[in-house]
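J.: Sharing upload-v9.txt, compact mmCIF, C-alpha atoms:
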```txt
# COMPACT_ATOMS: atom_id res chain seq x y z
CA MET A 1 0.00 0.00 0.00
CA ASP A 2 2.78 2.41 0.99
CA SER A 3 4.70 1.59 -2.16
CA LEU A 4 1.59 2.18 -4.25
CA ILE A 5 1.10 5.57 -2.61
CA SER A 6 4.72 6.62 -3.13
CA GLY A 7 4.54 5.22 -6.65
CA LEU A 8 1.56 7.47 -7.43
CA GLN A 9 3.25 10.47 -5.87
CA SER A 10 6.38 9.98 -7.95
CA THR A 11 4.47 10.04 -11.25
CA ALA A 12 5.11 12.92 -13.62
CA LEU A 13 1.47 13.98 -13.19
CA ALA A 14 1.80 14.23 -9.40
CA HIS A 15 5.02 16.26 -9.70
CA TRP A 16 3.43 18.57 -12.24
CA MET A 17 0.41 19.10 -9.94
CA THR A 18 2.49 19.90 -6.84
CA ASP A 19 5.59 21.62 -8.29
CA THR A 20 3.86 24.07 -10.61
CA SER A 21 1.96 26.94 -9.00
CA TRP A 22 -0.95 27.17 -11.44
CA THR A 23 -1.81 23.51 -12.08
CA TRP A 24 -3.79 22.90 -8.89
CA PRO A 25 -6.11 25.95 -9.18
CA ALA A 26 -6.46 25.31 -12.93
CA ALA A 27 -7.49 21.70 -12.28
CA GLU A 28 -9.95 22.89 -9.61
CA THR A 29 -11.49 25.34 -12.07
CA LEU A 30 -11.86 22.55 -14.65
CA HIS A 31 -13.35 20.32 -11.92
CA PHE A 32 -16.04 22.96 -11.26
CA ILE A 33 -16.71 23.35 -15.00
CA GLY A 34 -17.04 19.57 -15.42
CA MET A 35 -19.32 19.49 -12.38
CA SER A 36 -21.64 22.12 -13.88
CA LEU A 37 -21.78 20.33 -17.22
CA LEU A 38 -22.45 16.93 -15.63
CA PHE A 39 -24.95 18.15 -13.04
CA GLY A 40 -26.80 20.53 -15.37
CA THR A 41 -27.47 17.85 -17.97
CA ILE A 42 -28.16 15.14 -15.36
CA VAL A 43 -30.76 17.31 -13.57
CA VAL A 44 -32.71 17.79 -16.80
CA ILE A 45 -32.62 14.06 -17.55
CA ASP A 46 -33.57 13.14 -13.96
CA LEU A 47 -36.51 15.55 -13.85
CA ARG A 48 -37.86 13.97 -17.03
CA LEU A 49 -37.35 10.46 -15.58
CA LEU A 50 -39.28 11.60 -12.50
CA GLY A 51 -42.15 12.47 -14.82
CA LEU A 52 -41.80 16.24 -14.76
CA LEU A 53 -41.45 18.27 -17.98
CA ARG A 54 -43.26 15.47 -19.82
CA ARG A 55 -44.89 17.69 -22.38
CA LEU A 56 -41.76 19.73 -22.95
CA MET A 57 -38.97 17.17 -23.13
CA PRO A 58 -38.99 14.52 -25.84
CA TRP A 59 -36.91 11.44 -25.01
CA ARG A 60 -34.79 11.81 -28.13
CA ALA A 61 -33.75 15.29 -26.95
CA LEU A 62 -32.64 13.89 -23.62
CA HIS A 63 -30.54 11.26 -25.34
CA ARG A 64 -28.66 14.10 -27.01
CA LEU A 65 -27.72 15.46 -23.58
CA ILE A 66 -26.05 12.24 -22.45
CA PRO A 67 -22.75 12.81 -24.36
CA TRP A 68 -22.42 16.21 -22.63
CA ALA A 69 -22.94 14.59 -19.23
CA ALA A 70 -20.28 12.05 -20.20
CA LEU A 71 -17.93 14.91 -21.20
CA GLY A 72 -18.46 16.56 -17.80
CA PHE A 73 -17.77 13.25 -16.07
CA ALA A 74 -14.61 12.67 -18.14
CA ILE A 75 -13.26 16.15 -17.26
CA ASN A 76 -13.86 15.44 -13.58
CA LEU A 77 -12.43 11.94 -13.69
CA LEU A 78 -9.19 13.27 -15.21
CA THR A 79 -8.86 16.27 -12.88
CA GLY A 80 -9.95 14.11 -9.94
CA VAL A 81 -7.20 11.58 -10.70
CA ALA A 82 -4.71 14.47 -10.89
CA PHE A 83 -5.71 15.63 -7.37
CA PHE A 84 -5.66 12.10 -6.02
CA VAL A 85 -2.19 11.05 -7.24
CA SER A 86 -0.70 14.25 -5.78
CA ASP A 87 -1.76 13.35 -2.25
CA PRO A 88 -3.12 9.77 -2.17
CA SER A 89 -2.70 8.98 1.54
CA ASN A 90 -4.60 12.07 2.66
CA TYR A 91 -7.45 11.43 0.23
CA ILE A 92 -7.74 7.75 1.16
CA SER A 93 -8.08 8.56 4.85
CA ASN A 94 -10.42 11.54 4.27
CA ILE A 95 -13.97 10.62 5.34
CA ALA A 96 -15.62 13.20 3.05
CA PHE A 97 -13.62 11.84 0.09
CA ARG A 98 -14.64 8.26 0.96
CA PHE A 99 -18.32 9.21 1.07
CA LYS A 100 -17.95 11.16 -2.18
CA MET A 101 -16.52 8.07 -3.91
CA LEU A 102 -19.29 5.93 -2.39
CA PHE A 103 -21.96 8.22 -3.89
CA VAL A 104 -20.16 8.29 -7.27
CA LEU A 105 -20.21 4.47 -7.15
CA LEU A 106 -23.92 4.42 -6.27
CA ALA A 107 -24.62 6.85 -9.12
CA GLY A 108 -22.73 4.44 -11.40
CA LEU A 109 -24.79 1.45 -10.23
CA ASN A 110 -27.90 3.55 -10.76
CA LEU A 111 -26.74 4.17 -14.33
CA VAL A 112 -26.44 0.39 -14.82
CA LEU A 113 -30.03 0.06 -13.61
CA TYR A 114 -31.03 2.77 -16.12
CA ARG A 115 -29.33 0.90 -18.98
CA LEU A 116 -30.87 -2.44 -18.03
CA LYS A 117 -34.41 -1.45 -17.07
CA VAL A 118 -35.24 2.02 -18.35
CA ASP A 119 -33.30 2.97 -21.48
CA LYS A 120 -34.81 0.39 -23.83
CA ALA A 121 -38.35 1.07 -22.59
CA ILE A 122 -38.12 4.84 -23.15
CA ARG A 123 -36.51 4.45 -26.58
CA SER A 124 -39.58 2.56 -27.76
CA SER A 125 -42.19 4.71 -25.97
CA ALA A 126 -43.94 7.89 -27.06
CA ASP A 127 -42.12 11.18 -26.44
CA ASP A 128 -44.56 12.30 -23.77
CA ALA A 129 -45.10 8.85 -22.27
CA ALA A 130 -45.45 8.49 -18.51
CA CYS A 131 -42.55 7.02 -16.57
CA SER A 132 -42.42 3.58 -14.98
CA ALA A 133 -41.83 3.27 -11.26
CA THR A 134 -38.28 2.12 -12.04
CA ALA A 135 -37.65 5.22 -14.18
CA ARG A 136 -38.86 7.46 -11.37
CA PHE A 137 -36.65 5.63 -8.89
CA VAL A 138 -33.61 5.97 -11.17
CA GLY A 139 -34.28 9.70 -11.67
CA GLY A 140 -34.70 10.39 -7.95
CA ALA A 141 -31.70 8.28 -6.94
CA SER A 142 -29.47 9.98 -9.50
CA LEU A 143 -30.50 13.46 -8.35
CA LEU A 144 -29.84 12.55 -4.72
CA ALA A 145 -26.54 10.77 -5.40
CA TRP A 146 -25.00 13.61 -7.47
CA THR A 147 -26.17 16.25 -4.96
CA LEU A 148 -24.43 14.29 -2.20
CA VAL A 149 -21.31 13.97 -4.39
CA ILE A 150 -21.12 17.77 -4.60
CA PHE A 151 -21.74 18.21 -0.87
CA CYS A 152 -19.17 15.61 0.17
CA GLY A 153 -16.65 17.03 -2.29
CA ARG A 154 -16.93 20.48 -0.79
CA PHE A 155 -16.36 19.02 2.68
CA ILE A 156 -13.05 17.31 1.73
CA PRO A 157 -10.95 20.29 2.96
CA VAL A 158 -12.63 20.10 6.40
CA PHE A 159 -10.99 16.74 7.00
CA GLY A 160 -7.58 17.48 5.58
CA PRO A 161 -5.76 18.98 2.61
CA GLY A 162 -7.34 18.91 -0.81
CA MET B 1 -15.49 51.37 5.24
CA ASN B 2 -17.28 50.67 8.52
CA MET B 3 -20.10 48.93 6.72
CA LEU B 4 -17.79 46.06 5.78
CA THR B 5 -16.74 45.62 9.40
CA MET B 6 -20.37 45.81 10.52
CA MET B 7 -21.17 42.99 8.10
CA GLU B 8 -18.38 40.88 9.55
CA GLU B 9 -19.75 41.42 13.06
CA SER B 10 -23.33 40.44 12.22
CA ALA B 11 -24.80 37.32 13.83
CA LEU B 12 -24.82 35.51 10.49
CA SER B 13 -21.14 36.23 9.85
CA VAL B 14 -20.16 35.17 13.34
CA TRP B 15 -22.02 31.89 12.85
CA VAL B 16 -20.44 31.30 9.42
CA SER B 17 -16.92 31.95 10.65
CA THR B 18 -17.00 30.44 14.13
CA SER B 19 -19.23 27.35 13.92
CA PRO B 20 -17.19 24.30 12.91
CA TYR B 21 -19.07 23.64 9.68
CA GLY B 22 -20.85 26.93 8.96
CA TYR B 23 -18.37 28.14 6.36
CA TYR B 24 -18.14 24.76 4.60
CA LEU B 25 -21.91 24.33 4.66
CA MET B 26 -22.27 27.66 2.86
CA LEU B 27 -19.52 26.62 0.40
CA ALA B 28 -21.36 23.33 -0.25
CA PHE B 29 -24.62 25.16 -1.02
CA HIS B 30 -22.64 27.60 -3.19
CA ALA B 31 -21.21 24.67 -5.21
CA LEU B 32 -24.66 23.09 -5.56
CA GLY B 33 -26.23 26.38 -6.68
CA LEU B 34 -23.34 26.86 -9.12
CA ALA B 35 -23.95 23.42 -10.63
CA VAL B 36 -27.70 24.15 -11.00
CA LEU B 37 -27.28 27.68 -12.39
CA VAL B 38 -24.27 27.19 -14.68
CA GLY B 39 -25.46 23.70 -15.64
CA THR B 40 -28.90 24.82 -16.81
CA ALA B 41 -27.50 28.04 -18.32
CA SER B 42 -25.07 25.87 -20.32
CA VAL B 43 -27.88 23.64 -21.59
CA VAL B 44 -29.91 26.72 -22.61
CA ASN B 45 -26.91 28.44 -24.24
CA LEU B 46 -25.72 25.29 -26.04
CA ARG B 47 -29.27 24.72 -27.35
CA ILE B 48 -29.49 28.24 -28.77
CA VAL B 49 -25.99 27.95 -30.26
CA GLY B 50 -27.32 24.92 -32.14
CA PHE B 51 -26.65 21.71 -30.21
CA PHE B 52 -29.29 19.04 -29.40
CA ARG B 53 -31.90 20.55 -31.69
CA ASP B 54 -34.50 17.98 -30.62
CA LEU B 55 -34.89 19.95 -27.39
CA PRO B 56 -37.84 22.35 -28.00
CA TYR B 57 -37.24 26.05 -27.31
CA ASP B 58 -40.32 25.96 -25.06
CA SER B 59 -38.53 23.68 -22.63
CA LEU B 60 -35.78 26.30 -22.16
CA LYS B 61 -38.21 28.55 -20.28
CA THR B 62 -38.67 25.80 -17.70
CA LEU B 63 -34.91 25.23 -17.50
CA LEU B 64 -34.35 28.94 -16.90
CA LYS B 65 -36.69 28.74 -13.89
CA LEU B 66 -34.50 25.97 -12.53
CA GLY B 67 -31.45 28.12 -13.21
CA LEU B 68 -33.11 30.95 -11.27
CA ALA B 69 -33.45 28.60 -8.29
CA GLY B 70 -29.70 27.97 -8.49
CA PHE B 71 -29.09 31.72 -8.69
CA VAL B 72 -31.19 32.34 -5.55
CA ILE B 73 -29.28 29.62 -3.64
CA ASN B 74 -26.03 31.32 -4.62
CA VAL B 75 -27.10 34.87 -3.85
CA LEU B 76 -28.04 33.68 -0.34
CA SER B 77 -24.99 31.47 0.28
CA GLY B 78 -22.74 34.02 -1.47
CA THR B 79 -24.05 36.84 0.75
CA ALA B 80 -23.31 34.76 3.85
CA LEU B 81 -19.80 33.95 2.58
CA PHE B 82 -19.14 37.58 1.60
CA MET B 83 -20.33 39.02 4.89
CA SER B 84 -18.09 36.70 6.88
CA GLN B 85 -14.98 38.28 5.29
CA ALA B 86 -16.45 41.44 3.77
CA SER B 87 -13.40 43.70 4.18
CA LYS B 88 -11.17 41.11 2.47
CA PHE B 89 -13.44 40.13 -0.44
CA PHE B 90 -14.61 43.67 -1.21
CA TYR B 91 -11.11 44.77 -2.27
CA MET B 92 -10.22 41.65 -4.25
CA ASN B 93 -10.05 42.10 -8.02
CA SER B 94 -11.06 38.48 -8.60
CA PHE B 95 -14.24 39.10 -6.55
CA ARG B 96 -15.06 42.28 -8.48
CA VAL B 97 -14.47 40.56 -11.82
CA LYS B 98 -16.64 37.63 -10.68
CA ILE B 99 -19.58 39.86 -9.67
CA SER B 100 -19.33 41.88 -12.91
CA LEU B 101 -19.35 38.69 -14.99
CA ILE B 102 -22.38 37.37 -13.04
CA VAL B 103 -24.28 40.58 -13.85
CA LEU B 104 -23.36 40.13 -17.53
CA GLY B 105 -24.25 36.42 -17.52
CA MET B 106 -27.62 36.97 -15.83
CA THR B 107 -28.42 39.91 -18.13
CA SER B 108 -27.74 37.77 -21.19
CA LEU B 109 -30.04 35.04 -19.83
CA VAL B 110 -32.83 37.59 -19.22
CA VAL B 111 -32.43 38.97 -22.76
CA LEU B 112 -32.38 35.45 -24.26
CA ARG B 113 -35.47 34.50 -22.24
CA ARG B 114 -37.34 37.50 -23.64
CA ARG B 115 -36.35 36.58 -27.17
CA ILE B 116 -37.41 32.97 -26.60
CA LEU B 117 -40.79 34.08 -25.18
CA SER B 118 -41.51 36.51 -27.99
CA GLN B 119 -39.88 34.89 -31.04
CA ALA B 120 -39.13 31.20 -30.51
CA ASP B 121 -42.32 30.13 -32.26
CA HIS B 122 -40.75 31.37 -35.49
CA TRP B 123 -37.41 29.61 -34.81
CA GLN B 124 -39.02 26.27 -34.05
CA SER B 125 -38.05 24.55 -37.27
CA GLY B 126 -34.61 26.04 -37.67
CA PRO B 127 -31.67 27.62 -35.90
CA ALA B 128 -31.98 30.73 -33.76
CA PRO B 129 -31.00 34.08 -35.37
CA ALA B 130 -27.31 34.94 -35.48
CA GLY B 131 -27.67 37.59 -32.74
CA ALA B 132 -29.20 35.16 -30.26
CA ARG B 133 -26.61 32.52 -31.10
CA ALA B 134 -23.75 34.98 -30.59
CA MET B 135 -25.20 36.02 -27.24
CA ALA B 136 -25.55 32.39 -26.16
CA ALA B 137 -21.95 31.63 -27.21
CA GLY B 138 -20.81 34.68 -25.24
CA GLY B 139 -22.85 33.47 -22.26
CA LEU B 140 -20.98 30.13 -22.26
CA GLY B 141 -17.68 32.02 -22.05
CA ILE B 142 -18.97 34.38 -19.34
CA TRP B 143 -19.92 31.51 -17.00
CA LEU B 144 -16.52 29.88 -17.50
CA GLY B 145 -15.06 33.25 -16.47
CA VAL B 146 -17.29 33.37 -13.37
CA ILE B 147 -16.07 29.94 -12.26
CA THR B 148 -12.43 30.85 -12.94
CA ALA B 149 -12.63 34.17 -11.06
CA GLY B 150 -14.44 32.47 -8.16
CA ARG B 151 -11.76 29.79 -7.89
CA LEU B 152 -8.99 32.41 -8.05
CA MET B 153 -10.52 34.15 -5.01
CA ALA B 154 -9.16 31.24 -2.93
CA TYR B 155 -5.61 31.82 -4.22
CA LEU B 156 -5.03 35.56 -4.78
```
Would you give me this structure, written as structure tokens?

T.:
Amino acid sequence: MDSLISGLQSTALAHWMTDTSWTWPAAETLHFIGMSLLFGTIVVIDLRLLGLLRRLMPWRALHRLIPWAALGFAINLLTGVAFFVSDPSNYISNIAFRFKMLFVLLAGLNLVLYRLKVDKAIRSSADDAACSATARFVGGASLLAWTLVIFCGRFIPVFGPG
Amino acid sequence: MNMLTMMEESALSVWVSTSPYGYYLMLAFHALGLAVLVGTASVVNLRIVGFFRDLPYDSLKTLLKLGLAGFVINVLSGTALFMSQASKFFYMNSFRVKISLIVLGMTSLVVLRRRILSQADHWQSGPAPAGARAMAAGGLGIWLGVITAGRLMAYL
């Protein structure tokens, strides 16, 4: 474990993050931009899954938003990895970080549930069709999980550097 | 500037700066409001620029209401954060740039909303007029600037 941590910290990425003055704030700024892109598109999709905006939001429009959510997630995965490798031991032991990762994981499992149980059904249903109980659950769970991800993320500095 | 000191001594400011989690709780709400406001503003602006054309212009009015909710969360949490260190933030260039950009960003959303309400029926089948698209593209850049200036406030 210790060798893994020191291995991560000796990567070129970790050195670049800690030895250059502007990389950390720049990565944080990108992390906030990725967050806005991911959360903004996810909220719209989740509200439709919950059954709101039914008249206004055709399913095919929401499918067009998914690549932008994926882009936001990719930005935050990359910048998140950059933060993590710079200070792995402090992140691993940080309770807010652990909860944040737990909620990201739950959001991921929720996405699997969406792919298995909801996606196919809405692709073959009318644009203003009502939502199944599973679709409403997936929408509500996603909204809650990503909100908690943001909250836990902002509490990481309370429990240590980051 | 006694007013700035008075703000710092208010009950709210004392709570934000002395309770163990007050400051971070306000920061957490500020991040959530940011995600809601900038997220929905980005969807609206990207739609007007010309992405995901299956999304009807009508739906943007509803999204802007959601964005307004994010804005309200951030005016409230931002006021609490500002008051807790008023005499520091007030003189920071990054803070002044951030507030100016927010005024620009919100103004552009209000103008776009008016154009959507009054004209979008005519755009329905095609792209928005060049002026609206330019304003939406500018709006995307403005919100990136708001986030950047806000982040810099923690460093400068």

J.: Which polymer residues have any atom within 9 Å of an atom of Ala27 (chain A), counting only C-alpha atoms, with same-chain residues fewer than 4 positions away left out, as a VMD selection string?

T.: chain A and resid 17 22 to 23 31 to 32 79 to 80 82 to 83

J.: Each residue of chain A with at least one atom at most 8 Å from chain B should appear once, together with its nearest atom pair and the corresponding distance in Å (one decimal); atoms considered: all atoms listed in the file; ordering: chain, then increasing residue number; output as a Markdown table.

T.:
```
| residue | atom | partner | partner_atom | distance |
| --- | --- | --- | --- | --- |
| A:Pro25 | CA | B:Arg151 | CA | 7.0 |
| A:Glu28 | CA | B:Arg151 | CA | 7.3 |
| A:Thr29 | CA | B:Thr148 | CA | 5.7 |
| A:Phe32 | CA | B:Ile147 | CA | 7.1 |
| A:Ile33 | CA | B:Leu144 | CA | 7.0 |
| A:Met35 | CA | B:Ala35 | CA | 6.3 |
| A:Ser36 | CA | B:Ala35 | CA | 4.2 |
| A:Leu37 | CA | B:Gly39 | CA | 5.2 |
| A:Leu38 | CA | B:Gly39 | CA | 7.4 |
| A:Phe39 | CA | B:Ala35 | CA | 5.9 |
| A:Gly40 | CA | B:Gly39 | CA | 3.5 |
| A:Thr41 | CA | B:Gly39 | CA | 6.6 |
| A:Val43 | CA | B:Val36 | CA | 7.9 |
| A:Val44 | CA | B:Leu63 | CA | 7.8 |
| A:Leu53 | CA | B:Ser59 | CA | 7.7 |
| A:Leu56 | CA | B:Ser59 | CA | 5.1 |
| A:Met57 | CA | B:Leu55 | CA | 6.5 |
| A:Pro58 | CA | B:Leu55 | CA | 7.0 |
| A:Arg60 | CA | B:Asp54 | CA | 6.7 |
| A:Ala61 | CA | B:Asp54 | CA | 4.6 |
| A:Leu62 | CA | B:Leu55 | CA | 7.5 |
| A:Arg64 | CA | B:Phe52 | CA | 5.5 |
| A:Leu65 | CA | B:Phe52 | CA | 7.0 |
| A:Thr147 | CA | B:Leu32 | CA | 7.0 |
| A:Ile150 | CA | B:Leu32 | CA | 6.5 |
| A:Phe151 | CA | B:Ala28 | CA | 5.2 |
| A:Arg154 | CA | B:Ala28 | CA | 5.3 |
| A:Phe155 | CA | B:Tyr24 | CA | 6.3 |
| A:Val158 | CA | B:Tyr24 | CA | 7.4 |
```

J.: Excluding Ala130 (chain B) and its own-chain neighbours fewer than 4 positions away, which residues fall within 9 Å of it when counting all atoms listed in the file? Please give them as a short mmCIF file (atom, residue, chain, number, x, y, z; two decimals) with C-alpha atoms, keeping the file's coordinate frame.

T.:
```
data_model
loop_
_atom_site.label_atom_id
_atom_site.label_comp_id
_atom_site.auth_asym_id
_atom_site.auth_seq_id
_atom_site.Cartn_x
_atom_site.Cartn_y
_atom_site.Cartn_z
CA VAL B 49 -25.99 27.95 -30.26
CA ALA B 134 -23.75 34.98 -30.59
CA MET B 135 -25.20 36.02 -27.24
#
```

J.: Near Ala126 (chain A), counting all atoms listed in the file, which residues have an atom at most 12 Å away, once you skip same-chain residues fewer than 2 positions from it, shown as number ranges by chain?

T.: A: 54-55, 57-60, 121-124, 128-131

J.: Quick check, in Å to one decimal: how far apart do CA of Lys100 (chain A) and CA of Gly141 (chain B) lie?

T.: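 So the answer is 28.8 Å.
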